[in-house]
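**Q** Sharing coords-v4.pdb here; it has PDB, C-alpha atoms, pLDDT in the B column.
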```
ATOM      1  CA  HIS A   1       6.151   2.630  -8.360  1.00 77.00           C
ATOM      2  CA  ALA A   2       8.912   1.890  -5.852  1.00 80.00           C
ATOM      3  CA  SER A   3       7.899   4.801  -3.650  1.00 84.00           C
ATOM      4  CA  ALA A   4       4.274   3.634  -3.635  1.00 86.00           C
ATOM      5  CA  ALA A   5       5.377   0.104  -2.740  1.00 84.00           C
ATOM      6  CA  VAL A   6       7.510   1.366   0.160  1.00 86.00           C
ATOM      7  CA  GLN A   7       4.657   3.491   1.482  1.00 88.00           C
ATOM      8  CA  ALA A   8       2.253   0.556   1.234  1.00 89.00           C
ATOM      9  CA  TYR A   9       4.638  -1.728   3.135  1.00 85.00           C
ATOM     10  CA  ARG A  10       5.173   0.920   5.806  1.00 88.00           C
ATOM     11  CA  SER A  11       1.446   1.529   6.222  1.00 89.00           C
ATOM     12  CA  ASN A  12       0.689  -2.176   6.528  1.00 88.00           C
ATOM     13  CA  LEU A  13       3.536  -2.901   8.957  1.00 87.00           C
ATOM     14  CA  VAL A  14       3.147   0.128  11.230  1.00 88.00           C
ATOM     15  CA  GLY A  15      -0.047   1.982  10.373  1.00 85.00           C
ATOM     16  CA  THR A  16      -0.551   4.791  12.874  1.00 83.00           C
ATOM     17  CA  GLY A  17       1.851   3.130  15.311  1.00 87.00           C
ATOM     18  CA  ILE A  18       2.366  -0.111  17.210  1.00 88.00           C
ATOM     19  CA  ARG A  19       0.894   0.593  20.652  1.00 89.00           C
ATOM     20  CA  PRO A  20       1.769  -1.452  23.744  1.00 89.00           C
ATOM     21  CA  VAL A  21      -1.058  -2.420  26.099  1.00 91.00           C
ATOM     22  CA  SER A  22      -0.308  -3.263  29.724  1.00 91.00           C
ATOM     23  CA  GLN A  23      -1.427  -6.698  30.919  1.00 92.00           C
ATOM     24  CA  HIS A  24      -0.898  -6.000  34.618  1.00 93.00           C
ATOM     25  CA  PRO A  25      -3.610  -7.718  36.693  1.00 94.00           C
ATOM     26  CA  ASP A  26      -4.343  -4.585  38.739  1.00 94.00           C
ATOM     27  CA  GLU A  27      -6.562  -2.097  36.898  1.00 94.00           C
ATOM     28  CA  ALA A  28      -5.168   0.982  38.670  1.00 94.00           C
ATOM     29  CA  THR A  29      -1.618  -0.071  37.839  1.00 95.00           C
ATOM     30  CA  ARG A  30      -2.580  -0.697  34.206  1.00 93.00           C
ATOM     31  CA  LYS A  31      -3.993   2.817  33.929  1.00 94.00           C
ATOM     32  CA  THR A  32      -0.860   4.288  35.505  1.00 93.00           C
ATOM     33  CA  ILE A  33       1.391   2.403  33.066  1.00 92.00           C
ATOM     34  CA  GLN A  34      -0.683   3.507  30.076  1.00 92.00           C
ATOM     35  CA  ALA A  35      -0.647   7.117  31.266  1.00 91.00           C
ATOM     36  CA  LEU A  36       3.147   7.007  31.621  1.00 89.00           C
ATOM     37  CA  TRP A  37       3.444   5.575  28.118  1.00 90.00           C
ATOM     38  CA  GLN A  38       1.235   8.292  26.623  1.00 91.00           C
ATOM     39  CA  ARG A  39       3.349  10.931  28.341  1.00 89.00           C
ATOM     40  CA  ALA A  40       6.560   9.368  27.026  1.00 89.00           C
ATOM     41  CA  VAL A  41       5.474   8.945  23.372  1.00 92.00           C
ATOM     42  CA  PRO A  42       6.191  12.550  22.254  1.00 92.00           C
ATOM     43  CA  LEU A  43       9.476  12.646  24.224  1.00 91.00           C
ATOM     44  CA  LEU A  44      11.158   9.366  23.236  1.00 92.00           C
ATOM     45  CA  ASP A  45      12.838  10.689  20.082  1.00 93.00           C
ATOM     46  CA  ALA A  46      16.355  11.731  21.109  1.00 91.00           C
ATOM     47  CA  ASP A  47      16.514  14.108  18.125  1.00 90.00           C
ATOM     48  CA  GLY A  48      13.217  15.763  19.087  1.00 90.00           C
ATOM     49  CA  VAL A  49      11.891  15.573  15.526  1.00 93.00           C
ATOM     50  CA  MET A  50       8.928  13.183  15.825  1.00 94.00           C
ATOM     51  CA  ASP A  51       7.007  11.122  18.338  1.00 93.00           C
ATOM     52  CA  HIS A  52       7.687   7.425  18.910  1.00 93.00           C
ATOM     53  CA  TYR A  53       5.070   6.308  16.397  1.00 94.00           C
ATOM     54  CA  GLY A  54       6.804   8.420  13.760  1.00 94.00           C
ATOM     55  CA  GLN A  55      10.065   6.729  14.729  1.00 95.00           C
ATOM     56  CA  GLN A  56       8.479   3.333  14.126  1.00 95.00           C
ATOM     57  CA  ALA A  57       7.389   4.351  10.631  1.00 94.00           C
ATOM     58  CA  THR A  58      10.799   5.852   9.829  1.00 94.00           C
ATOM     59  CA  ALA A  59      12.616   2.746  11.079  1.00 95.00           C
ATOM     60  CA  VAL A  60      10.466   0.454   8.920  1.00 94.00           C
ATOM     61  CA  GLN A  61      10.932   2.663   5.844  1.00 93.00           C
ATOM     62  CA  GLN A  62      14.701   2.662   6.399  1.00 93.00           C
ATOM     63  CA  MET A  63      14.645  -1.142   6.743  1.00 94.00           C
ATOM     64  CA  ILE A  64      12.811  -1.484   3.423  1.00 93.00           C
ATOM     65  CA  GLU A  65      14.941   1.011   1.493  1.00 91.00           C
ATOM     66  CA  ALA A  66      18.395   0.421   3.030  1.00 92.00           C
ATOM     67  CA  GLY A  67      17.802  -3.098   4.299  1.00 93.00           C
ATOM     68  CA  GLU A  68      18.251  -2.225   7.967  1.00 96.00           C
ATOM     69  CA  CYS A  69      17.870   0.423  10.622  1.00 95.00           C
ATOM     70  CA  PHE A  70      19.688   0.911  13.918  1.00 97.00           C
ATOM     71  CA  ALA A  71      18.355   2.505  17.089  1.00 96.00           C
ATOM     72  CA  HIS A  72      20.519   3.654  19.981  1.00 96.00           C
ATOM     73  CA  LEU A  73      18.841   3.400  23.393  1.00 95.00           C
ATOM     74  CA  ARG A  74      20.406   6.125  25.506  1.00 92.00           C
ATOM     75  CA  PRO A  75      19.750   7.901  28.805  1.00 89.00           C
ATOM     76  CA  SER A  76      17.294  10.773  28.449  1.00 84.00           C
ATOM     77  CA  LEU A  77      18.194  14.420  28.894  1.00 80.00           C
ATOM     78  CA  ARG A  78      14.541  15.301  29.441  1.00 80.00           C
ATOM     79  CA  PRO A  79      12.851  15.153  32.858  1.00 78.00           C
ATOM     80  CA  GLY A  80      10.242  12.460  33.374  1.00 74.00           C
ATOM     81  CA  VAL A  81      11.561  10.149  30.638  1.00 83.00           C
ATOM     82  CA  PRO A  82      14.452   7.858  31.689  1.00 86.00           C
ATOM     83  CA  LEU A  83      15.180   6.553  28.182  1.00 90.00           C
ATOM     84  CA  GLN A  84      15.261   7.965  24.659  1.00 93.00           C
ATOM     85  CA  VAL A  85      15.630   6.344  21.248  1.00 95.00           C
ATOM     86  CA  GLN A  86      17.955   7.738  18.581  1.00 95.00           C
ATOM     87  CA  LEU A  87      17.515   6.324  15.077  1.00 95.00           C
ATOM     88  CA  LEU A  88      20.790   5.875  13.201  1.00 94.00           C
ATOM     89  CA  ASP A  89      21.365   5.795   9.472  1.00 91.00           C
ATOM     90  CA  ALA A  90      22.577   2.348   8.401  1.00 92.00           C
ATOM     91  CA  ASP A  91      25.806   3.877   7.046  1.00 90.00           C
ATOM     92  CA  MET A  92      26.712   5.097  10.532  1.00 92.00           C
ATOM     93  CA  VAL A  93      27.505   1.516  11.580  1.00 93.00           C
ATOM     94  CA  ASP A  94      30.926   1.156   9.956  1.00 89.00           C
ATOM     95  CA  GLN A  95      30.713  -1.536   7.259  1.00 89.00           C
ATOM     96  CA  SER A  96      34.498  -1.527   6.879  1.00 89.00           C
ATOM     97  CA  TYR A  97      35.113  -2.452  10.520  1.00 91.00           C
ATOM     98  CA  THR A  98      35.961  -6.141  10.119  1.00 93.00           C
ATOM     99  CA  ARG A  99      38.800  -7.674  12.139  1.00 94.00           C
ATOM    100  CA  ALA A 100      39.848 -10.179  14.768  1.00 95.00           C
ATOM    101  CA  LEU A 101      39.591  -8.953  18.362  1.00 94.00           C
ATOM    102  CA  PRO A 102      41.093 -10.189  21.647  1.00 94.00           C
ATOM    103  CA  ASN A 103      39.796 -13.254  23.511  1.00 93.00           C
ATOM    104  CA  GLY A 104      38.333 -14.905  20.432  1.00 94.00           C
ATOM    105  CA  ALA A 105      36.003 -12.018  19.627  1.00 95.00           C
ATOM    106  CA  TYR A 106      35.687 -10.627  16.102  1.00 96.00           C
ATOM    107  CA  ALA A 107      33.943  -7.850  14.199  1.00 96.00           C
ATOM    108  CA  ILE A 108      32.128  -8.137  10.875  1.00 96.00           C
ATOM    109  CA  GLY A 109      30.654  -5.128   9.105  1.00 94.00           C
ATOM    110  CA  GLY A 110      30.794  -2.929  12.190  1.00 94.00           C
ATOM    111  CA  ILE A 111      29.221  -5.513  14.517  1.00 97.00           C
ATOM    112  CA  GLU A 112      31.276  -7.171  17.232  1.00 97.00           C
ATOM    113  CA  PHE A 113      30.693 -10.798  18.208  1.00 97.00           C
ATOM    114  CA  ASN A 114      32.044 -12.556  21.268  1.00 96.00           C
ATOM    115  CA  ALA A 115      33.797 -15.933  21.147  1.00 95.00           C
ATOM    116  CA  ALA A 116      30.395 -17.669  21.320  1.00 94.00           C
ATOM    117  CA  GLY A 117      29.159 -15.808  18.211  1.00 93.00           C
ATOM    118  CA  GLN A 118      26.759 -13.540  20.097  1.00 95.00           C
ATOM    119  CA  ARG A 119      26.433  -9.853  19.258  1.00 96.00           C
ATOM    120  CA  ALA A 120      28.438  -7.871  21.795  1.00 97.00           C
ATOM    121  CA  ALA A 121      28.696  -4.335  20.382  1.00 97.00           C
ATOM    122  CA  TYR A 122      28.248  -2.030  17.406  1.00 97.00           C
ATOM    123  CA  TYR A 123      30.842   0.395  16.016  1.00 96.00           C
ATOM    124  CA  VAL A 124      29.092   3.657  15.203  1.00 94.00           C
ATOM    125  CA  THR A 125      30.459   6.812  13.603  1.00 90.00           C
ATOM    126  CA  PRO A 126      29.227  10.126  15.094  1.00 82.00           C
ATOM    127  CA  ARG A 127      27.903  11.396  11.748  1.00 76.00           C
ATOM    128  CA  THR A 128      26.610   9.916   8.510  1.00 71.00           C
ATOM    129  CA  PRO A 129      29.555   9.402   6.101  1.00 66.00           C
ATOM    130  CA  GLY A 130      29.596  12.028   3.375  1.00 62.00           C
ATOM    131  CA  GLN A 131      27.525  14.490   5.393  1.00 62.00           C
ATOM    132  CA  LEU A 132      28.450  18.134   4.875  1.00 54.00           C
ATOM    133  CA  PHE A 133      31.081  19.411   7.334  1.00 57.00           C
ATOM    134  CA  THR A 134      31.665  15.894   8.645  1.00 53.00           C
ATOM    135  CA  THR A 135      35.057  15.346  10.242  1.00 59.00           C
ATOM    136  CA  THR A 136      36.437  11.834  10.213  1.00 67.00           C
ATOM    137  CA  PHE A 137      36.203  10.285  13.668  1.00 73.00           C
ATOM    138  CA  PRO A 138      36.981   6.718  14.698  1.00 82.00           C
ATOM    139  CA  PRO A 139      33.824   4.666  15.328  1.00 88.00           C
ATOM    140  CA  GLN A 140      32.561   4.474  18.898  1.00 92.00           C
ATOM    141  CA  ARG A 141      31.897   1.101  20.500  1.00 94.00           C
ATOM    142  CA  ILE A 142      28.289   0.868  21.745  1.00 96.00           C
ATOM    143  CA  PRO A 143      27.282  -2.263  23.709  1.00 97.00           C
ATOM    144  CA  ALA A 144      24.712  -4.468  22.007  1.00 96.00           C
ATOM    145  CA  ALA A 145      22.372  -4.060  25.009  1.00 96.00           C
ATOM    146  CA  ASP A 146      22.052  -0.366  24.064  1.00 96.00           C
ATOM    147  CA  MET A 147      21.337  -0.944  20.370  1.00 97.00           C
ATOM    148  CA  LEU A 148      18.457  -2.317  18.321  1.00 96.00           C
ATOM    149  CA  HIS A 149      19.102  -3.714  14.833  1.00 97.00           C
ATOM    150  CA  LEU A 150      16.018  -3.924  12.642  1.00 95.00           C
ATOM    151  CA  PHE A 151      16.427  -6.094   9.544  1.00 95.00           C
ATOM    152  CA  ALA A 152      14.903  -9.148   7.886  1.00 93.00           C
ATOM    153  CA  PRO A 153      17.424 -12.036   7.821  1.00 93.00           C
ATOM    154  CA  LEU A 154      17.375 -13.893   4.518  1.00 91.00           C
ATOM    155  CA  ALA A 155      19.970 -16.551   5.374  1.00 92.00           C
ATOM    156  CA  PRO A 156      21.469 -18.179   8.478  1.00 92.00           C
ATOM    157  CA  GLY A 157      24.386 -16.190   9.875  1.00 90.00           C
ATOM    158  CA  GLN A 158      23.472 -13.010   8.008  1.00 94.00           C
ATOM    159  CA  VAL A 159      25.052 -10.011   9.753  1.00 95.00           C
ATOM    160  CA  ARG A 160      23.699  -6.953   7.911  1.00 95.00           C
ATOM    161  CA  GLY A 161      20.454  -6.272   6.096  1.00 93.00           C
ATOM    162  CA  VAL A 162      19.798  -6.160   2.349  1.00 93.00           C
ATOM    163  CA  SER A 163      17.500  -3.604   0.725  1.00 91.00           C
ATOM    164  CA  TRP A 164      14.103  -5.038  -0.114  1.00 89.00           C
ATOM    165  CA  LEU A 165      14.395  -3.200  -3.446  1.00 86.00           C
ATOM    166  CA  ALA A 166      17.718  -4.820  -4.388  1.00 85.00           C
ATOM    167  CA  SER A 167      16.106  -7.409  -6.675  1.00 83.00           C
ATOM    168  CA  VAL A 168      14.228  -4.796  -8.712  1.00 84.00           C
ATOM    169  CA  LEU A 169      16.631  -1.836  -8.774  1.00 80.00           C
ATOM    170  CA  LEU A 170      17.969  -2.624 -12.252  1.00 85.00           C
ATOM    171  CA  ARG A 171      14.446  -3.045 -13.640  1.00 86.00           C
ATOM    172  CA  LEU A 172      13.357   0.221 -11.999  1.00 82.00           C
ATOM    173  CA  HIS A 173      16.336   1.989 -13.559  1.00 83.00           C
ATOM    174  CA  GLU A 174      15.463   0.568 -16.990  1.00 88.00           C
ATOM    175  CA  MET A 175      11.811   1.610 -16.576  1.00 87.00           C
ATOM    176  CA  ASP A 176      12.959   5.118 -15.674  1.00 86.00           C
ATOM    177  CA  GLN A 177      15.117   5.278 -18.811  1.00 90.00           C
ATOM    178  CA  TYR A 178      12.246   3.932 -20.912  1.00 90.00           C
ATOM    179  CA  GLU A 179       9.835   6.580 -19.625  1.00 89.00           C
ATOM    180  CA  ASP A 180      12.418   9.320 -20.267  1.00 89.00           C
ATOM    181  CA  ALA A 181      12.942   8.044 -23.818  1.00 92.00           C
ATOM    182  CA  GLN A 182       9.179   7.953 -24.469  1.00 91.00           C
ATOM    183  CA  LEU A 183       8.754  11.510 -23.177  1.00 91.00           C
ATOM    184  CA  THR A 184      11.615  12.713 -25.385  1.00 91.00           C
ATOM    185  CA  ARG A 185      10.093  10.918 -28.365  1.00 89.00           C
ATOM    186  CA  GLN A 186       6.723  12.612 -27.820  1.00 89.00           C
ATOM    187  CA  LYS A 187       8.351  16.012 -27.365  1.00 88.00           C
ATOM    188  CA  VAL A 188      10.269  15.626 -30.640  1.00 87.00           C
ATOM    189  CA  ALA A 189       7.157  14.376 -32.453  1.00 85.00           C
ATOM    190  CA  ALA A 190       5.206  17.396 -31.222  1.00 85.00           C
ATOM    191  CA  MET A 191       7.742  19.709 -32.888  1.00 84.00           C
ATOM    192  CA  PHE A 192       7.099  18.392 -36.390  1.00 80.00           C
ATOM    193  CA  ALA A 193       4.858  20.629 -38.470  1.00 76.00           C
ATOM    194  CA  GLY A 194       3.563  20.665 -42.040  1.00 76.00           C
ATOM    195  CA  PHE A 195       2.698  23.620 -44.248  1.00 75.00           C
ATOM    196  CA  LEU A 196       0.251  23.791 -47.164  1.00 76.00           C
ATOM    197  CA  TYR A 197       0.724  26.514 -49.716  1.00 79.00           C
ATOM    198  CA  ASP A 198      -0.383  27.316 -53.282  1.00 80.00           C
ATOM    199  CA  ALA A 199       2.521  26.814 -55.699  1.00 73.00           C
ATOM    200  CA  GLN A 200       0.896  28.953 -58.459  1.00 67.00           C
TER     201      GLN A 200
END
```
I'd like the structure from this file rewritten - as structure tokens, please.
**A**
Amino acid sequence: HASAAVQAYRSNLVGTGIRPVSQHPDEATRKTIQALWQRAVPLLDADGVMDHYGQQATAVQQMIEAGECFAHLRPSLRPGVPLQVQLLDADMVDQSYTRALPNGAYAIGGIEFNAAGQRAAYYVTPRTPGQLFTTTFPPQRIPAADMLHLFAPLAPGQVRGVSWLASVLLRLHEMDQYEDAQLTRQKVAAMFAGFLYDAQ
């Protein structure tokens, strides 16, 4: 049920992809911009796994399941595309990085804020924690201008996202246990047998 709900949300929010349309007043320029965009779509993924529309769907699914998704905007290594987007697992932004910083700045949950309370940077680990063969590295500071943070704020001042499934996880777990118990009950019931025989 949860998987179907996530897929339905993703389909309704993204569909086949959110497509920009140039509003430039000159028709020739509009066509040039659209042609450049179409050429960039399959090359924007820094990991080279999917096109940009696939990235949109993955980012939305991650936001629903984990509560948030991060995207690192970085210089491209491919000719003809100046920028690439690397999606980051939410756990790669170090939740434990909370401290006071110089000049009135501070960090909460891996996100740095300046003295005015504006997001200044994100502290990102090179690999997902717990990944096989992962060596512990200190988090890298990435300026906020190079990062996108996709989440749905539920309260003023909220720093990190909350899974959209958080309110129903316990009920889903109980439903899973109930279905397992019912299946076991039916399996046991199917093993009972009766025999009729002539006692004489």
**Q** Take the PyMOL selection byres ((chain A and resi 8-18) around 12), run it mentally on this structure, and tell me the resulting residues as a PyMOL selection string.
**A** chain A and resi 1-7+19-21+41+51-65+164-165
**Q** Write out, as a PDB file, in the frame of the given file, the residues just selected, with C-alpha atoms.
**A**
```
ATOM      1  CA  HIS A   1       6.151   2.630  -8.360  1.00 77.00           C
ATOM      2  CA  ALA A   2       8.912   1.890  -5.852  1.00 80.00           C
ATOM      3  CA  SER A   3       7.899   4.801  -3.650  1.00 84.00           C
ATOM      4  CA  ALA A   4       4.274   3.634  -3.635  1.00 86.00           C
ATOM      5  CA  ALA A   5       5.377   0.104  -2.740  1.00 84.00           C
ATOM      6  CA  VAL A   6       7.510   1.366   0.160  1.00 86.00           C
ATOM      7  CA  GLN A   7       4.657   3.491   1.482  1.00 88.00           C
ATOM      8  CA  ARG A  19       0.894   0.593  20.652  1.00 89.00           C
ATOM      9  CA  PRO A  20       1.769  -1.452  23.744  1.00 89.00           C
ATOM     10  CA  VAL A  21      -1.058  -2.420  26.099  1.00 91.00           C
ATOM     11  CA  VAL A  41       5.474   8.945  23.372  1.00 92.00           C
ATOM     12  CA  ASP A  51       7.007  11.122  18.338  1.00 93.00           C
ATOM     13  CA  HIS A  52       7.687   7.425  18.910  1.00 93.00           C
ATOM     14  CA  TYR A  53       5.070   6.308  16.397  1.00 94.00           C
ATOM     15  CA  GLY A  54       6.804   8.420  13.760  1.00 94.00           C
ATOM     16  CA  GLN A  55      10.065   6.729  14.729  1.00 95.00           C
ATOM     17  CA  GLN A  56       8.479   3.333  14.126  1.00 95.00           C
ATOM     18  CA  ALA A  57       7.389   4.351  10.631  1.00 94.00           C
ATOM     19  CA  THR A  58      10.799   5.852   9.829  1.00 94.00           C
ATOM     20  CA  ALA A  59      12.616   2.746  11.079  1.00 95.00           C
ATOM     21  CA  VAL A  60      10.466   0.454   8.920  1.00 94.00           C
ATOM     22  CA  GLN A  61      10.932   2.663   5.844  1.00 93.00           C
ATOM     23  CA  GLN A  62      14.701   2.662   6.399  1.00 93.00           C
ATOM     24  CA  MET A  63      14.645  -1.142   6.743  1.00 94.00           C
ATOM     25  CA  ILE A  64      12.811  -1.484   3.423  1.00 93.00           C
ATOM     26  CA  GLU A  65      14.941   1.011   1.493  1.00 91.00           C
ATOM     27  CA  TRP A 164      14.103  -5.038  -0.114  1.00 89.00           C
ATOM     28  CA  LEU A 165      14.395  -3.200  -3.446  1.00 86.00           C
TER      29      LEU A 165
END
```
**Q** So, with all atoms listed in the file as the atoms that count, which of A:Leu87, A:Leu73, A:Leu196, A:Ala105 lies closest to A:Ile142?
**A**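 Counting all atoms listed in the file, the residue closest to A:Ile142 is A:Leu73.
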**Q** When the PyMOL selection byres ((chain A and resi 46) around 6) is applied to the structure above, which residues does it catch, written out as JSON, numbers by chain?
**A** {"A": [45, 47, 48, 84, 85, 86]}
**Q** Any chance you could export the current selection's C-alpha atoms as a PDB file, in the coordinates of the input?
**A**
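Saved the output as selection_13.pdb:
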```pdb
ATOM      1  CA  ASP A  45      12.838  10.689  20.082  1.00 93.00           C
ATOM      2  CA  ASP A  47      16.514  14.108  18.125  1.00 90.00           C
ATOM      3  CA  GLY A  48      13.217  15.763  19.087  1.00 90.00           C
ATOM      4  CA  GLN A  84      15.261   7.965  24.659  1.00 93.00           C
ATOM      5  CA  VAL A  85      15.630   6.344  21.248  1.00 95.00           C
ATOM      6  CA  GLN A  86      17.955   7.738  18.581  1.00 95.00           C
TER       7      GLN A  86
END
```
**Q** In terms of the shortest atom-to-atom distance over only C-alpha atoms, which of A:Glu27, A:Glu112, A:Asp198, A:Asp176 is closest to A:Ala144?
**A**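 Ranking A:Glu27, A:Glu112, A:Asp198, A:Asp176 by distance to A:Ala144, first place goes to A:Glu112.
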**Q** Counting only C-alpha atoms, which of A:Glu68, A:Leu43, A:Gln23, A:Asn114 gets nearest to A:Pro153?
**A**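 When distances to A:Pro153 are compared using only C-alpha atoms, the smallest one comes from A:Glu68.
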**Q** Any idea what the distance is between atom CA of A:Gly80 and atom CA of A:His24?
**A**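 According to the coordinates, atom CA of A:Gly80 and atom CA of A:His24 are separated by 21.6 Å.
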**Q** Mind filling out stretch 97-117 of chain A with N, CA, C and O atoms and sending it as a PDB file, keeping the file's coordinate frame?
**A**
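Printed below is selection_1.pdb as written:
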```pdb
ATOM      1  N   TYR A  97      34.499  -1.995   9.277  1.00 91.00           N
ATOM      2  CA  TYR A  97      35.113  -2.452  10.520  1.00 91.00           C
ATOM      3  C   TYR A  97      34.967  -3.963  10.639  1.00 91.00           C
ATOM      4  O   TYR A  97      33.990  -4.485  11.190  1.00 91.00           O
ATOM      5  N   THR A  98      35.936  -4.682  10.082  1.00 93.00           N
ATOM      6  CA  THR A  98      35.961  -6.141  10.119  1.00 93.00           C
ATOM      7  C   THR A  98      37.356  -6.578  10.518  1.00 93.00           C
ATOM      8  O   THR A  98      38.320  -6.261   9.824  1.00 93.00           O
ATOM      9  N   ARG A  99      37.481  -7.274  11.645  1.00 94.00           N
ATOM     10  CA  ARG A  99      38.800  -7.674  12.139  1.00 94.00           C
ATOM     11  C   ARG A  99      38.656  -8.678  13.284  1.00 94.00           C
ATOM     12  O   ARG A  99      37.578  -8.829  13.866  1.00 94.00           O
ATOM     13  N   ALA A 100      39.791  -9.314  13.596  1.00 95.00           N
ATOM     14  CA  ALA A 100      39.848 -10.179  14.768  1.00 95.00           C
ATOM     15  C   ALA A 100      40.090  -9.314  16.000  1.00 95.00           C
ATOM     16  O   ALA A 100      40.812  -8.315  15.951  1.00 95.00           O
ATOM     17  N   LEU A 101      39.475  -9.702  17.118  1.00 94.00           N
ATOM     18  CA  LEU A 101      39.591  -8.953  18.362  1.00 94.00           C
ATOM     19  C   LEU A 101      40.106  -9.893  19.460  1.00 94.00           C
ATOM     20  O   LEU A 101      40.094 -11.122  19.290  1.00 94.00           O
ATOM     21  N   PRO A 102      40.553  -9.334  20.583  1.00 94.00           N
ATOM     22  CA  PRO A 102      41.093 -10.189  21.647  1.00 94.00           C
ATOM     23  C   PRO A 102      40.073 -11.184  22.201  1.00 94.00           C
ATOM     24  O   PRO A 102      38.864 -10.991  22.080  1.00 94.00           O
ATOM     25  N   ASN A 103      40.593 -12.236  22.801  1.00 93.00           N
ATOM     26  CA  ASN A 103      39.796 -13.254  23.511  1.00 93.00           C
ATOM     27  C   ASN A 103      38.805 -13.988  22.612  1.00 93.00           C
ATOM     28  O   ASN A 103      37.716 -14.375  23.036  1.00 93.00           O
ATOM     29  N   GLY A 104      39.177 -14.150  21.351  1.00 94.00           N
ATOM     30  CA  GLY A 104      38.333 -14.905  20.432  1.00 94.00           C
ATOM     31  C   GLY A 104      37.185 -14.117  19.836  1.00 94.00           C
ATOM     32  O   GLY A 104      36.400 -14.665  19.064  1.00 94.00           O
ATOM     33  N   ALA A 105      37.064 -12.853  20.202  1.00 95.00           N
ATOM     34  CA  ALA A 105      36.003 -12.018  19.627  1.00 95.00           C
ATOM     35  C   ALA A 105      36.403 -11.576  18.219  1.00 95.00           C
ATOM     36  O   ALA A 105      37.571 -11.646  17.826  1.00 95.00           O
ATOM     37  N   TYR A 106      35.423 -11.104  17.466  1.00 96.00           N
ATOM     38  CA  TYR A 106      35.687 -10.627  16.102  1.00 96.00           C
ATOM     39  C   TYR A 106      34.601  -9.638  15.704  1.00 96.00           C
ATOM     40  O   TYR A 106      33.520  -9.587  16.313  1.00 96.00           O
ATOM     41  N   ALA A 107      34.905  -8.838  14.710  1.00 96.00           N
ATOM     42  CA  ALA A 107      33.943  -7.850  14.199  1.00 96.00           C
ATOM     43  C   ALA A 107      33.739  -8.075  12.709  1.00 96.00           C
ATOM     44  O   ALA A 107      34.701  -8.295  11.970  1.00 96.00           O
ATOM     45  N   ILE A 108      32.488  -8.022  12.288  1.00 96.00           N
ATOM     46  CA  ILE A 108      32.128  -8.137  10.875  1.00 96.00           C
ATOM     47  C   ILE A 108      31.175  -7.008  10.541  1.00 96.00           C
ATOM     48  O   ILE A 108      30.118  -6.869  11.165  1.00 96.00           O
ATOM     49  N   GLY A 109      31.542  -6.193   9.569  1.00 94.00           N
ATOM     50  CA  GLY A 109      30.654  -5.128   9.105  1.00 94.00           C
ATOM     51  C   GLY A 109      30.225  -4.165  10.192  1.00 94.00           C
ATOM     52  O   GLY A 109      29.101  -3.678  10.175  1.00 94.00           O
ATOM     53  N   GLY A 110      31.114  -3.882  11.137  1.00 94.00           N
ATOM     54  CA  GLY A 110      30.794  -2.929  12.190  1.00 94.00           C
ATOM     55  C   GLY A 110      30.072  -3.523  13.383  1.00 94.00           C
ATOM     56  O   GLY A 110      29.676  -2.797  14.288  1.00 94.00           O
ATOM     57  N   ILE A 111      29.900  -4.843  13.404  1.00 97.00           N
ATOM     58  CA  ILE A 111      29.221  -5.513  14.517  1.00 97.00           C
ATOM     59  C   ILE A 111      30.197  -6.477  15.182  1.00 97.00           C
ATOM     60  O   ILE A 111      30.803  -7.319  14.506  1.00 97.00           O
ATOM     61  N   GLU A 112      30.355  -6.327  16.489  1.00 97.00           N
ATOM     62  CA  GLU A 112      31.276  -7.171  17.232  1.00 97.00           C
ATOM     63  C   GLU A 112      30.545  -8.392  17.785  1.00 97.00           C
ATOM     64  O   GLU A 112      29.432  -8.286  18.317  1.00 97.00           O
ATOM     65  N   PHE A 113      31.209  -9.546  17.674  1.00 97.00           N
ATOM     66  CA  PHE A 113      30.693 -10.798  18.208  1.00 97.00           C
ATOM     67  C   PHE A 113      31.674 -11.338  19.232  1.00 97.00           C
ATOM     68  O   PHE A 113      32.893 -11.212  19.063  1.00 97.00           O
ATOM     69  N   ASN A 114      31.152 -11.937  20.294  1.00 96.00           N
ATOM     70  CA  ASN A 114      32.044 -12.556  21.268  1.00 96.00           C
ATOM     71  C   ASN A 114      32.463 -13.937  20.767  1.00 96.00           C
ATOM     72  O   ASN A 114      32.067 -14.371  19.676  1.00 96.00           O
ATOM     73  N   ALA A 115      33.268 -14.641  21.574  1.00 95.00           N
ATOM     74  CA  ALA A 115      33.797 -15.933  21.147  1.00 95.00           C
ATOM     75  C   ALA A 115      32.691 -16.954  20.893  1.00 95.00           C
ATOM     76  O   ALA A 115      32.877 -17.901  20.126  1.00 95.00           O
ATOM     77  N   ALA A 116      31.527 -16.757  21.515  1.00 94.00           N
ATOM     78  CA  ALA A 116      30.395 -17.669  21.320  1.00 94.00           C
ATOM     79  C   ALA A 116      29.549 -17.301  20.109  1.00 94.00           C
ATOM     80  O   ALA A 116      28.554 -17.964  19.820  1.00 94.00           O
ATOM     81  N   GLY A 117      29.914 -16.226  19.395  1.00 93.00           N
ATOM     82  CA  GLY A 117      29.159 -15.808  18.211  1.00 93.00           C
ATOM     83  C   GLY A 117      27.961 -14.932  18.502  1.00 93.00           C
ATOM     84  O   GLY A 117      27.124 -14.706  17.628  1.00 93.00           O
TER      85      GLY A 117
END
```
